[in-house]
$ cat start_27.cif   # mmCIF, C-alpha atoms
data_coords
loop_
_atom_site.label_atom_id
_atom_site.label_comp_id
_atom_site.auth_asym_id
_atom_site.auth_seq_id
_atom_site.Cartn_x
_atom_site.Cartn_y
_atom_site.Cartn_z
CA MET A 536 -16.69 3.82 -37.59
CA SER A 537 -12.95 3.36 -37.28
CA ALA A 538 -11.19 3.14 -33.93
CA SER A 539 -9.53 6.17 -32.37
CA ASP A 540 -5.81 6.55 -33.02
CA HIS A 541 -5.16 6.23 -29.29
CA ARG A 542 -7.02 3.72 -27.14
CA ALA A 543 -5.90 3.74 -23.52
CA ALA A 544 -5.29 0.55 -21.57
CA ARG A 545 -7.49 0.12 -18.52
CA ASP A 546 -6.80 -1.99 -15.46
CA GLY A 547 -7.09 -5.73 -15.90
CA PHE A 548 -6.11 -5.98 -19.58
CA ARG A 549 -9.11 -4.16 -20.95
CA TRP A 550 -8.95 -1.25 -23.41
CA ASP A 551 -11.04 1.76 -24.35
CA GLU A 552 -13.29 1.00 -27.35
CA VAL A 553 -12.40 -2.71 -27.31
CA ASP A 554 -15.25 -5.16 -26.61
CA LEU A 555 -14.81 -8.22 -24.44
CA LEU A 556 -15.90 -11.13 -26.64
CA ALA A 557 -16.57 -14.81 -26.27
CA TYR A 558 -13.58 -16.88 -27.39
CA LYS A 559 -15.59 -18.85 -29.96
CA GLU A 560 -18.98 -18.23 -31.49
CA THR A 561 -20.05 -21.86 -31.41
CA GLY A 562 -20.14 -24.41 -28.63
CA ALA A 563 -18.77 -27.10 -30.94
CA ALA A 564 -15.09 -26.70 -30.06
CA PRO A 565 -14.00 -27.66 -26.54
CA PHE A 566 -12.35 -24.89 -24.52
CA ARG A 567 -12.62 -23.49 -21.02
CA ALA A 568 -12.64 -20.00 -19.51
CA VAL A 569 -11.23 -17.95 -22.40
CA THR A 570 -12.05 -14.40 -23.51
CA ARG A 571 -11.07 -12.57 -26.70
CA GLN A 572 -10.50 -8.89 -27.50
CA ILE A 573 -9.70 -7.63 -30.99
CA LEU A 574 -7.04 -4.93 -30.60
CA PHE A 575 -6.27 -4.22 -34.26
CA ALA A 576 -8.51 -5.16 -37.20
CA ASP A 577 -7.84 -2.30 -39.58
CA PRO A 578 -8.65 -3.06 -43.25
CA VAL A 579 -5.28 -1.59 -44.32
CA LEU A 580 -3.39 -4.03 -42.07
CA SER A 581 -3.20 -7.54 -43.49
CA CYS A 582 -3.08 -9.08 -39.99
CA GLU A 583 -5.21 -8.76 -36.90
CA LEU A 584 -3.90 -8.54 -33.36
CA ARG A 585 -6.08 -10.13 -30.71
CA TYR A 586 -5.70 -10.46 -26.92
CA PHE A 587 -6.80 -13.77 -25.45
CA GLU A 588 -7.08 -14.36 -21.74
CA VAL A 589 -7.33 -17.82 -20.25
CA ALA A 590 -8.50 -17.96 -16.62
CA PRO A 591 -6.56 -20.13 -14.12
CA GLY A 592 -7.02 -23.77 -15.07
CA GLY A 593 -8.59 -22.85 -18.42
CA HIS A 594 -7.46 -23.71 -21.93
CA THR A 595 -7.96 -22.85 -25.58
CA THR A 596 -9.22 -25.33 -28.18
CA LEU A 597 -6.82 -27.99 -29.40
CA GLU A 598 -6.84 -27.29 -33.14
CA ARG A 599 -4.81 -26.78 -36.30
CA HIS A 600 -5.21 -24.91 -39.60
CA ALA A 601 -3.37 -23.71 -42.69
CA HIS A 602 -2.74 -20.26 -41.23
CA ALA A 603 -0.05 -19.46 -38.67
CA HIS A 604 0.00 -17.59 -35.37
CA GLY A 605 2.59 -15.26 -33.88
CA VAL A 606 1.92 -15.21 -30.12
CA THR A 607 3.44 -12.86 -27.52
CA ILE A 608 2.66 -13.66 -23.87
CA LEU A 609 1.55 -10.47 -22.11
CA THR A 610 0.79 -11.63 -18.58
CA GLY A 611 0.63 -14.72 -16.40
CA ARG A 612 2.00 -18.21 -16.82
CA GLY A 613 1.05 -21.51 -18.31
CA ARG A 614 2.06 -24.06 -20.89
CA CYS A 615 1.40 -24.55 -24.56
CA LEU A 616 1.50 -27.50 -26.90
CA VAL A 617 2.90 -26.77 -30.37
CA GLY A 618 3.06 -29.87 -32.53
CA GLU A 619 4.36 -32.52 -30.17
CA THR A 620 6.31 -30.19 -27.86
CA ILE A 621 5.11 -28.69 -24.58
CA HIS A 622 6.59 -25.31 -23.63
CA GLU A 623 6.50 -23.52 -20.29
CA ILE A 624 5.47 -19.94 -21.04
CA GLY A 625 5.62 -16.65 -19.18
CA PRO A 626 5.56 -12.89 -19.78
CA HIS A 627 6.91 -11.70 -23.15
CA ASP A 628 7.81 -15.17 -24.40
CA LEU A 629 7.23 -15.64 -28.13
CA VAL A 630 5.41 -18.66 -29.55
CA THR A 631 5.19 -19.47 -33.26
CA VAL A 632 2.42 -21.80 -34.41
CA PRO A 633 3.35 -23.00 -37.93
CA PRO A 634 0.71 -24.07 -40.47
CA TRP A 635 -1.13 -27.35 -39.79
CA THR A 636 0.39 -27.72 -36.33
CA TRP A 637 -1.71 -28.87 -33.36
CA HIS A 638 -1.69 -26.23 -30.63
CA GLN A 639 -3.32 -25.47 -27.32
CA PHE A 640 -2.63 -22.85 -24.63
CA ARG A 641 -3.27 -23.67 -20.96
CA ALA A 642 -3.15 -21.29 -18.01
CA ALA A 643 -1.44 -22.45 -14.84
CA ALA A 644 -3.77 -23.82 -12.15
CA ALA A 645 -3.42 -20.70 -10.01
CA GLU A 646 -2.57 -18.04 -12.60
CA LYS A 647 -4.30 -16.64 -15.65
CA LEU A 648 -2.56 -16.50 -19.02
CA GLY A 649 -2.97 -13.49 -21.31
CA PHE A 650 -1.41 -13.29 -24.75
CA LEU A 651 -1.38 -11.29 -27.98
CA CYS A 652 -1.96 -13.31 -31.15
CA MET A 653 -1.09 -11.99 -34.61
CA VAL A 654 -2.92 -13.72 -37.45
CA ASN A 655 -3.58 -13.13 -41.16
CA VAL A 656 -6.92 -11.49 -41.93
CA GLU A 657 -7.39 -14.01 -44.76
CA ARG A 658 -7.41 -17.38 -43.07
CA ASP A 659 -9.04 -20.80 -43.06
CA ARG A 660 -11.25 -22.32 -40.38
CA PRO A 661 -9.56 -24.38 -37.64
CA ALA A 662 -9.85 -28.17 -37.75
CA LEU A 663 -10.39 -30.24 -34.60
CA PRO A 664 -8.60 -33.56 -34.10
CA THR A 665 -10.41 -36.71 -35.15
CA ASP A 666 -10.68 -39.46 -32.53
CA GLN A 667 -7.76 -41.19 -34.22
CA GLU A 668 -5.61 -38.02 -34.30
CA LEU A 669 -6.34 -37.43 -30.61
CA ALA A 670 -5.42 -41.01 -29.76
CA ASP A 671 -2.16 -40.60 -31.69
CA LEU A 672 -1.32 -37.41 -29.79
CA ARG A 673 -2.17 -39.01 -26.43
CA ARG A 674 0.22 -41.88 -27.08
CA ASP A 675 2.89 -39.56 -25.64
CA PRO A 676 2.26 -39.62 -21.84
CA ALA A 677 3.46 -36.02 -21.47
CA ILE A 678 0.97 -34.83 -24.09
CA ALA A 679 -1.84 -36.89 -22.52
CA ALA A 680 -1.07 -35.27 -19.14
CA PHE A 681 -0.99 -31.82 -20.76
CA LEU A 682 -4.35 -32.34 -22.48
CA ASP A 683 -5.88 -33.56 -19.21
CA GLY A 684 -4.53 -30.54 -17.34
CA ARG A 685 -2.28 -32.69 -15.19
CA ALA A 686 1.33 -31.86 -14.35
CA ALA A 687 3.81 -33.57 -16.69
CA MET B 1462 16.78 -21.41 -40.72
CA SER B 1463 13.41 -20.71 -39.18
CA ALA B 1464 12.98 -19.55 -35.60
CA SER B 1465 12.17 -22.00 -32.82
CA ASP B 1466 8.50 -22.34 -31.93
CA HIS B 1467 9.27 -21.06 -28.43
CA ARG B 1468 11.65 -18.18 -27.84
CA ALA B 1469 11.95 -17.21 -24.19
CA ALA B 1470 11.95 -13.61 -23.04
CA ARG B 1471 15.10 -12.51 -21.24
CA ASP B 1472 15.48 -9.66 -18.80
CA GLY B 1473 15.42 -6.19 -20.26
CA PHE B 1474 13.14 -6.82 -23.23
CA ARG B 1475 15.50 -9.08 -25.12
CA TRP B 1476 14.57 -12.51 -26.49
CA ASP B 1477 16.31 -15.77 -27.35
CA GLU B 1478 17.25 -15.92 -31.06
CA VAL B 1479 16.27 -12.27 -31.63
CA ASP B 1480 19.03 -9.88 -32.70
CA LEU B 1481 19.29 -6.34 -31.40
CA LEU B 1482 19.33 -4.14 -34.50
CA ALA B 1483 19.90 -0.52 -35.36
CA TYR B 1484 16.60 1.31 -35.78
CA LYS B 1485 17.39 2.47 -39.32
CA GLU B 1486 20.01 1.33 -41.81
CA THR B 1487 20.84 4.81 -43.06
CA GLY B 1488 21.86 7.95 -41.25
CA ALA B 1489 19.61 10.04 -43.46
CA ALA B 1490 16.54 10.06 -41.23
CA PRO B 1491 16.75 11.94 -37.92
CA PHE B 1492 16.13 9.85 -34.81
CA ARG B 1493 17.74 9.39 -31.40
CA ALA B 1494 18.48 6.40 -29.18
CA VAL B 1495 16.22 3.74 -30.71
CA THR B 1496 16.75 -0.01 -31.09
CA ARG B 1497 14.76 -2.53 -33.13
CA GLN B 1498 14.12 -6.26 -32.68
CA ILE B 1499 12.13 -8.33 -35.18
CA LEU B 1500 9.96 -10.71 -33.15
CA PHE B 1501 7.93 -12.30 -35.95
CA ALA B 1502 8.85 -12.25 -39.64
CA ASP B 1503 7.50 -15.59 -40.79
CA PRO B 1504 6.84 -15.85 -44.57
CA VAL B 1505 3.41 -17.36 -43.89
CA LEU B 1506 2.37 -14.33 -41.82
CA SER B 1507 1.50 -11.29 -43.91
CA CYS B 1508 2.59 -8.92 -41.13
CA GLU B 1509 5.74 -8.53 -39.06
CA LEU B 1510 5.83 -7.78 -35.37
CA ARG B 1511 8.77 -5.65 -34.22
CA TYR B 1512 9.79 -4.36 -30.78
CA PHE B 1513 11.21 -0.84 -30.72
CA GLU B 1514 12.81 0.66 -27.67
CA VAL B 1515 13.40 4.37 -27.31
CA ALA B 1516 15.84 5.37 -24.54
CA PRO B 1517 14.84 8.20 -22.13
CA GLY B 1518 14.75 11.45 -24.10
CA GLY B 1519 15.01 9.62 -27.44
CA HIS B 1520 12.62 9.62 -30.37
CA THR B 1521 11.77 7.83 -33.59
CA THR B 1522 11.86 9.50 -37.00
CA LEU B 1523 9.04 11.88 -37.91
CA GLU B 1524 7.72 10.24 -41.06
CA ARG B 1525 4.67 9.04 -42.98
CA HIS B 1526 3.92 6.38 -45.61
CA ALA B 1527 1.13 4.52 -47.38
CA HIS B 1528 1.26 1.59 -44.96
CA ALA B 1529 -0.24 1.61 -41.48
CA HIS B 1530 1.03 0.64 -38.02
CA GLY B 1531 -0.70 -1.10 -35.14
CA VAL B 1532 1.30 -0.21 -32.02
CA THR B 1533 0.99 -1.73 -28.54
CA ILE B 1534 3.03 -0.08 -25.78
CA LEU B 1535 4.85 -2.76 -23.81
CA THR B 1536 6.82 -0.78 -21.23
CA GLY B 1537 7.61 2.75 -20.13
CA ARG B 1538 6.02 6.08 -20.89
CA GLY B 1539 6.18 8.85 -23.41
CA ARG B 1540 4.17 10.71 -26.00
CA CYS B 1541 3.39 10.20 -29.64
CA LEU B 1542 2.29 12.44 -32.45
CA VAL B 1543 -0.26 10.93 -34.84
CA GLY B 1544 -1.37 13.37 -37.50
CA GLU B 1545 -1.85 16.61 -35.58
CA THR B 1546 -2.67 15.05 -32.21
CA ILE B 1547 -0.27 14.38 -29.34
CA HIS B 1548 -1.11 11.43 -27.08
CA GLU B 1549 0.30 10.55 -23.67
CA ILE B 1550 1.14 6.85 -23.81
CA GLY B 1551 1.87 4.16 -21.24
CA PRO B 1552 1.89 0.38 -20.85
CA HIS B 1553 -0.54 -1.57 -23.06
CA ASP B 1554 -2.01 1.52 -24.72
CA LEU B 1555 -2.90 0.98 -28.38
CA VAL B 1556 -1.88 3.44 -31.10
CA THR B 1557 -3.10 3.27 -34.70
CA VAL B 1558 -1.08 5.09 -37.36
CA PRO B 1559 -3.29 5.39 -40.45
CA PRO B 1560 -1.85 5.64 -43.97
CA TRP B 1561 -0.06 8.89 -44.90
CA THR B 1562 -0.20 10.20 -41.35
CA TRP B 1563 2.79 11.96 -39.75
CA HIS B 1564 3.92 10.12 -36.64
CA GLN B 1565 6.70 10.15 -34.09
CA PHE B 1566 7.19 8.34 -30.76
CA ARG B 1567 9.10 10.03 -27.95
CA ALA B 1568 10.20 8.50 -24.64
CA ALA B 1569 9.72 10.51 -21.48
CA ALA B 1570 12.82 12.41 -20.30
CA ALA B 1571 13.45 9.97 -17.46
CA GLU B 1572 11.83 6.78 -18.77
CA LYS B 1573 12.37 4.56 -21.78
CA LEU B 1574 9.52 3.64 -24.10
CA GLY B 1575 9.20 0.13 -25.53
CA PHE B 1576 6.49 -0.87 -27.97
CA LEU B 1577 5.36 -3.62 -30.34
CA CYS B 1578 4.63 -2.50 -33.90
CA MET B 1579 2.60 -4.62 -36.33
CA VAL B 1580 3.15 -3.77 -39.98
CA ASN B 1581 2.42 -5.32 -43.39
CA VAL B 1582 5.31 -7.27 -44.90
CA GLU B 1583 4.57 -5.58 -48.24
CA ARG B 1584 5.06 -1.89 -47.61
CA ASP B 1585 6.39 1.33 -49.06
CA ARG B 1586 9.36 3.38 -47.88
CA PRO B 1587 8.70 6.15 -45.34
CA ALA B 1588 8.74 9.76 -46.51
CA LEU B 1589 10.31 12.53 -44.42
CA PRO B 1590 8.67 15.96 -44.18
CA THR B 1591 9.81 18.66 -46.58
CA ASP B 1592 10.88 21.96 -45.04
CA GLN B 1593 7.45 23.34 -45.91
CA GLU B 1594 5.61 20.38 -44.37
CA LEU B 1595 7.69 20.69 -41.22
CA ALA B 1596 6.97 24.42 -41.03
CA ASP B 1597 3.26 23.69 -41.43
CA LEU B 1598 3.34 21.14 -38.62
CA ARG B 1599 5.29 23.50 -36.35
CA ARG B 1600 2.69 26.23 -36.78
CA ASP B 1601 0.86 24.48 -33.90
CA PRO B 1602 2.84 25.49 -30.76
CA ALA B 1603 2.05 22.16 -29.06
CA ILE B 1604 3.45 20.22 -32.02
CA ALA B 1605 6.53 22.47 -32.18
CA ALA B 1606 7.15 21.82 -28.47
CA PHE B 1607 6.64 18.07 -28.99
CA LEU B 1608 9.09 17.97 -31.91
CA ASP B 1609 11.66 19.91 -29.87
CA GLY B 1610 11.26 17.53 -26.94
CA ARG B 1611 9.86 20.29 -24.73
CA ALA B 1612 6.86 19.89 -22.44
CA ALA B 1613 3.62 21.12 -24.03
#

$ encode --input "start_27.cif" --output "structure tokens"
Amino acid sequence: MSASDHRAARDGFRWDEVDLLAYKETGAAPFRAVTRQILFADPVLSCELRYFEVAPGGHTTLERHAHAHGVTILTGRGRCLVGETIHEIGPHDLVTVPPWTWHQFRAAAAEKLGFLCMVNVERDRPALPTDQELADLRRDPAIAAFLDGRAA
Amino acid sequence: MSASDHRAARDGFRWDEVDLLAYKETGAAPFRAVTRQILFADPVLSCELRYFEVAPGGHTTLERHAHAHGVTILTGRGRCLVGETIHEIGPHDLVTVPPWTWHQFRAAAAEKLGFLCMVNVERDRPALPTDQELADLRRDPAIAAFLDGRAA
């Protein structure tokens, strides 16, 4: 069954006819306090639009892949790592994650972070950092602090 | 030159490095008081994400095409016609425009309407209604009132 042409927003960033999903199916990838909702997954659209919400203090998986992301912050505040750069992010900011670029989104300690993520329907599986890749990233003290959830 | 990985939102639904564009290039299609900003148009993403803003009392072109739209209302209120159904729309509502479906977005008389629109990069040109198609649509008094910008 296809979705209705109009699906109303409810309070708290929920939508009619949109299920609240676990962020990841498996427990293999480290993350904390993230939910996922698929807003558009129409076969005639070549991208999907998903809404991710990270609870205060939570974070998405540190990963990279061949596909790209186009992210629009919808609510809340936090920081994200894209490649080797940490960005402060807030409502309606735009974040581009290029192919094969390490990325992680972290909500502020006292504020959730909700964002839309546009992604190709046809896409590869994310790769996690090897121990060596993680050690290389952590060589930058600011990135190490980010990954540990500490202030820079 | 590619866009920066982080483009901050400014006040008033503008963004760093994002140009404010005319809604349509040509004057052939009827519309009123609409601007367009292209938020994501990365060659590795198979969709674009655009932000359209319709000033109070304004409206997009009544049109249809083979491609589809995935629309997320970002700010303001108004109504939209999708096929033969008129929907009241407000912040974060989701609107799907299926292929070959007449559609038009109208801002409320006293409130602007701003929305994100996801669309395939590869897409056909919109078609405008013929006089006969317009007459057929207007046979429904509610649709005629909508198209004239009158309350239902």

$ closest_atom_pairs --input "start_27.cif" --of "chain B" --to "chain A" --cutoff "6 Å" --atoms "only C-alpha atoms" --output "CSV"
residue,atom,partner,partner_atom,distance
B:Asp1466,CA,A:Thr631,CA,4.6
B:His1467,CA,A:Val630,CA,4.7
B:Arg1468,CA,A:Leu629,CA,5.1
B:Ala1469,CA,A:Asp628,CA,4.6
B:Ala1470,CA,A:Asp628,CA,4.6
B:Cys1508,CA,A:Cys582,CA,5.8
B:His1553,CA,A:Ala544,CA,5.4
B:Asp1554,CA,A:Ala543,CA,4.6
B:Leu1555,CA,A:Arg542,CA,5.1
B:Val1556,CA,A:His541,CA,4.7
B:Thr1557,CA,A:Asp540,CA,4.6

$ atom_distance --input "start_27.cif" --atom1 "atom CA of B:Gln1565" --atom2 "atom CA of B:Leu1523"
4.8 Å

$ resolve_selection --input "start_27.cif" --expression "the PyMOL selection byres ((chain B and resi 1607) around 10)" --output "ChimeraX atom specification"
/B:1540-1542,1547,1565-1567,1599,1601-1606,1608-1613

$ write_last_selection --input "start_27.cif" --atoms "C-alpha atoms" --output "compact mmCIF listing (two decimals), in the frame of the given file"
# COMPACT_ATOMS: atom_id res chain seq x y z
CA ARG B 1540 4.17 10.71 -26.00
CA CYS B 1541 3.39 10.20 -29.64
CA LEU B 1542 2.29 12.44 -32.45
CA ILE B 1547 -0.27 14.38 -29.34
CA GLN B 1565 6.70 10.15 -34.09
CA PHE B 1566 7.19 8.34 -30.76
CA ARG B 1567 9.10 10.03 -27.95
CA ARG B 1599 5.29 23.50 -36.35
CA ASP B 1601 0.86 24.48 -33.90
CA PRO B 1602 2.84 25.49 -30.76
CA ALA B 1603 2.05 22.16 -29.06
CA ILE B 1604 3.45 20.22 -32.02
CA ALA B 1605 6.53 22.47 -32.18
CA ALA B 1606 7.15 21.82 -28.47
CA LEU B 1608 9.09 17.97 -31.91
CA ASP B 1609 11.66 19.91 -29.87
CA GLY B 1610 11.26 17.53 -26.94
CA ARG B 1611 9.86 20.29 -24.73
CA ALA B 1612 6.86 19.89 -22.44
CA ALA B 1613 3.62 21.12 -24.03

$ resolve_selection --input "start_27.cif" --expression "the PyMOL selection byres ((chain A and resi 599) around 8)" --output "list of chain:residue names"
A:Leu597, A:Glu598, A:His600, A:Ala601, A:Pro634, A:Trp635, A:Thr636, A:Trp637, A:His638, A:Pro661, A:Ala662, A:Leu663

$ residues_around --input "start_27.cif" --residues "stretch 590-595 of chain A" --least-positions-apart "6" --cutoff "7 Å" --atoms "all atoms listed in the file" --output "VMD selection string"
chain A and resid 566 to 569 639 to 648

$ axis_aligned_box --input "start_27.cif" --around "stretch 593-598 of chain A" --padding-each-side "3 Å" --output "lines of an AutoDock Vina configuration file"
center_x = -8.0
center_y = -25.4
center_z = -25.8
size_x = 8.4
size_y = 11.1
size_z = 20.7

$ atom_distance --input "start_27.cif" --atom1 "atom CA of A:Arg585" --atom2 "atom CA of A:Arg658"
14.4 Å

$ atom_distance --input "start_27.cif" --atom1 "atom CA of A:Val589" --atom2 "atom CA of A:Val553"
17.4 Å

$ residues_around --input "start_27.cif" --residues "A:Leu556" --least-positions-apart "2" --cutoff "7 Å" --atoms "only C-alpha atoms" --output "PyMOL selection string"
chain A and resi 554+558+570-572

$ build_atoms --input "start_27.cif" --residues "stretch 549-560 of chain A" --atoms "N, CA and C atoms" --output "tab-separated table (two decimals), in the coordinates of the input"
chain	number	residue	atom	x	y	z
A	549	ARG	N	-8.00	-4.63	-20.13
A	549	ARG	CA	-9.11	-4.16	-20.95
A	549	ARG	C	-8.65	-2.85	-21.61
A	550	TRP	N	-9.34	-2.45	-22.67
A	550	TRP	CA	-8.95	-1.25	-23.41
A	550	TRP	C	-10.17	-0.42	-23.76
A	551	ASP	N	-9.98	0.89	-23.85
A	551	ASP	CA	-11.04	1.76	-24.35
A	551	ASP	C	-11.45	1.30	-25.75
A	552	GLU	N	-12.74	1.30	-26.01
A	552	GLU	CA	-13.29	1.00	-27.35
A	552	GLU	C	-13.06	-0.43	-27.82
A	553	VAL	N	-12.62	-1.30	-26.93
A	553	VAL	CA	-12.40	-2.71	-27.31
A	553	VAL	C	-13.39	-3.58	-26.53
A	554	ASP	N	-14.23	-4.32	-27.25
A	554	ASP	CA	-15.25	-5.16	-26.61
A	554	ASP	C	-14.65	-6.46	-26.08
A	555	LEU	N	-15.18	-6.90	-24.96
A	555	LEU	CA	-14.81	-8.22	-24.44
A	555	LEU	C	-15.73	-9.24	-25.11
A	556	LEU	N	-15.13	-10.19	-25.82
A	556	LEU	CA	-15.90	-11.13	-26.64
A	556	LEU	C	-15.76	-12.55	-26.12
A	557	ALA	N	-16.73	-13.38	-26.50
A	557	ALA	CA	-16.57	-14.81	-26.27
A	557	ALA	C	-15.41	-15.30	-27.13
A	558	TYR	N	-14.73	-16.33	-26.67
A	558	TYR	CA	-13.58	-16.88	-27.39
A	558	TYR	C	-14.00	-17.46	-28.73
A	559	LYS	N	-15.08	-18.23	-28.74
A	559	LYS	CA	-15.59	-18.85	-29.96
A	559	LYS	C	-17.08	-18.55	-30.07
A	560	GLU	N	-17.56	-18.47	-31.28
A	560	GLU	CA	-18.98	-18.23	-31.49
A	560	GLU	C	-19.82	-19.49	-31.20
